[in-house]
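What follows is one structure encoded as structure tokens, with my remarks underneath.
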Amino acid sequence: MNSSSKIQTRINEAIAHVQHGQLARAEAILRQLAVGAPRLSLIADLAGQVASLQGKHVESIAHFRRALHLDLKSTPIAIRLAAALNSVQRFKEAESMLRQITQGTPGRADGWNALAHTLVMQGKLDEAVPFHERAVETDPKFPDGWYHYGLTLALLGQLSKALGCHERALAVDPSFVKARFGRAQCLHKLYRIEEALQDYDAFIKAQPSNLDARSYRLYALQNMDGIDPGMLFQEHVAYGKLLESSPAPAAPAPPVIKDRPLRLAILSPDLREHSCVYFIEPLLRHLDPARFELFLYHDHFCEDSFTARLKSLARVWRNFIGLPSQLIVQTIRTDRPDILIDLSGHIGMSIRLPLFARRLAPVQVTYLGYPDTTGLTTMDYRLTDAIADPPGDADRRHTEKLVRFSSTAWAYQPPATAPEPVPPPAASGRPITFGCFNNPVKFTDRMFAVWAELLAAIPDSRLLIKGRDLQDKDVRRRMLARMEKAGLPSTRIDMLDRTASTRSHLDLYAGIDIALDTFPYHGTTTTCEALWMGRPVVTLAGDRHAARVGCSLLAAIGHSEWIAETPADYVRIAARLASDHETLRQISTGLRDDMRRSALMDHPGQSARFADALAQCWEARLHAGEIEKYSSVS
């Protein structure tokens, strides 16, 4: 056997070891081969791939660099090098290298695709688009190119075009199941929930271990009318069992805390201009630094002025965007938080619940972002209140211990740019206008039927709805068809698209008299915004957290009379408000004071209750036998 044959045989041995998960053996063979055949790019390339699988990202970069040096026009090696650089957030190096390689090999669609992806990781979405276009123009039969183009267009809010990209990928290759997942996400955001669920199910059938798809599906189920809460709970439990099929590490023993504050870490992709910030910032701003040392873990390419404010509150700030899970795990374990809070659950661009399954802190808590259980047994607590999650059934439908830390679970901070409320249109003699600015993904056919009854009860009244893509011809056509089928006359409906700024969004409340909450999935931010702008909100109480948030918010500000127990009650309450124009005028001038007097805007008080709940969760962890006494914190 000649030398070349021997080298190939050893390379094949190394590859076989990789396929059987024996990475250390493969690494040893490749190290030996690199000495005997230092000019062979394949050896350096394979060494880089093995190092990546081992989580040795810096080593993998060195190997891939050597491989590319030996084969300067190898786009596949360049793509792997870019992925390794991105995994340690060296995005600009990856971008520079890919710009160079694509100029030298312009006929490689995968190179343009990788360059576009690297730009997206830096938040350069508009700059990525031409490179996505170059990829699919270079090879129109490249499904991964269409798929990634669709992902970027979705991030840009161009959902109909994104949907077309995923459908193009499936047309090119029906077995390319990632595009089925991308299509499901677009359908979900385009308010076609039942179709989205069909695609989620098809994708999960093809890739049953894909946890992100299962999370997106759980979130979609929250929007389904008539879903049984017990069945929904079992769906979350099934997710948790799949994720926790391997035993989680034992919970770290809480250290004895002497003369130091508790280390409080918060993980979220929404530490930026996002509705989450309006509710978490007031709690964090008033935390006592003598009690808590704040670690904030962001997970998104966008950082803005909201991010800057939050950074100023943290002793440690990190952005995990692009980092592989193992590096995040190592970083958090090095930080050694005492309490780790999840703010997104099954929602978000990066779903990090699998990290919590690995037990990264003695106390793990979920709060705010997701309206249900996570399904994880390693998530110890969920913060809520007794109205959103009444004691009893709600406790039985959670894997977490429910901590009802205040009369309402939210602390609202209105946007600084909010205009002053103005009298409602009816006060000047105009017909009543009902409005709903909630995410239209929450719209249901039963809700449309109830709204139809309401419009029928108030002659000449109109309905104004607002949401992403409602000016898109296809989206508008489908939405109007659903409404007409439910009895809502399209001639009395106005639709507005998303506005360019929060201020322009809030200005639109001047055009409505009464806000209608969605059901069964209530609004949160939109309810607070409507109230802050002086408009009453009518809500329908349901049988689970997502269907009771509005009840908690309205009770908090002293307006439980706007909470309906039945659809007929919903119509009656809204119609009664519509018939009394003077009361609507008075409400518009007094609602801000009602909110200011409530726990909802008692930021120091809510922060203290939040802090006390966390401290008591910590104590309960220290004294496990006493957990019960913290299940309802006053």
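Naming works like this for the structure tokens: A, B, ... for the chains as they're shown, residue 1 at the start of each chain, ligands 1 onward in shown order.
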- Shell of 12 Å around A:Thr566, only C-alpha atoms, local chain residues under 4 positions omitted, as an MDAnalysis selection string: chainID A and resid 447 450 519:520 538:543 562 570:573
- Task: Please identify which residues in stretch 111-299 of chain A DSSP calls alpha helix (DSSP H) from the backbone, and express them as a PyMOL selection string.
- Result: chain A and resi 111-121+125-138+143-155+159-172+177-189+193-206+211-221+229-243+275-285
- Item | Neighbour list for stretch 478-486 of chain A as a ChimeraX atom specification, cut-off 7 Å, only C-alpha atoms, skip fewer than 2 positions in-chain | /A:445,448-449,474-476,488-490
- Item | Exercise: A:Met379 partners within 9 Å, only C-alpha atoms, chain neighbours under 3 positions left out, as a list in words |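 Residues near the query, excluding close chain neighbours: Phe356, Ala357, Arg359, Val363, Gln364, Val365, Thr366, Thr374, Gly375, Leu376, Arg382, Thr399, Glu400 and Lys401 of chain A.
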- Would you mind reading off the distance between atom CA of A:Leu622 and atom CA of A:Tyr367, one decimal, in Å? 21.3 Å
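The two atoms in question, atom CA of A:Ala169 and atom CA of A:Pro140, are spaced 9.1 Å apart.
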Kindly provide the residues of stretch 312-378 of chain A that approach stretch 290-295 of chain A to within 12 Å, each paired with its closest atom pair and their distance in Å to one decimal, based on only C-alpha atoms, listed by chain and increasing number, as a Markdown table.
```
| residue | atom | partner | partner_atom | distance |
| --- | --- | --- | --- | --- |
| A:Ser312 | CA | A:Leu294 | CA | 10.4 |
| A:Leu313 | CA | A:Leu294 | CA | 7.3 |
| A:Ala314 | CA | A:Leu294 | CA | 4.9 |
| A:Arg315 | CA | A:Leu294 | CA | 5.6 |
| A:Val316 | CA | A:Phe295 | CA | 4.7 |
| A:Trp317 | CA | A:Phe295 | CA | 6.0 |
| A:Arg318 | CA | A:Phe295 | CA | 8.1 |
| A:Asn319 | CA | A:Phe295 | CA | 11.1 |
| A:Thr331 | CA | A:Phe295 | CA | 11.7 |
| A:Ile332 | CA | A:Phe295 | CA | 9.7 |
| A:Asp335 | CA | A:Phe295 | CA | 8.5 |
| A:Arg336 | CA | A:Phe295 | CA | 10.2 |
| A:Pro337 | CA | A:Phe295 | CA | 7.9 |
| A:Asp338 | CA | A:Glu293 | CA | 9.8 |
| A:Ile339 | CA | A:Phe292 | CA | 9.9 |
| A:Leu340 | CA | A:Phe295 | CA | 9.1 |
| A:Ile341 | CA | A:Phe295 | CA | 10.3 |
```
- Write out as a PyMOL selection string each polymer residue whose atoms come within 12 Å of A:Thr373, counting only C-alpha atoms; drop sequence neighbours fewer than 4 positions from it. chain A and resi 215+218-219+222+229-230+232-240+342+344-346+353+365-369+377-384+389+394-402+544-546
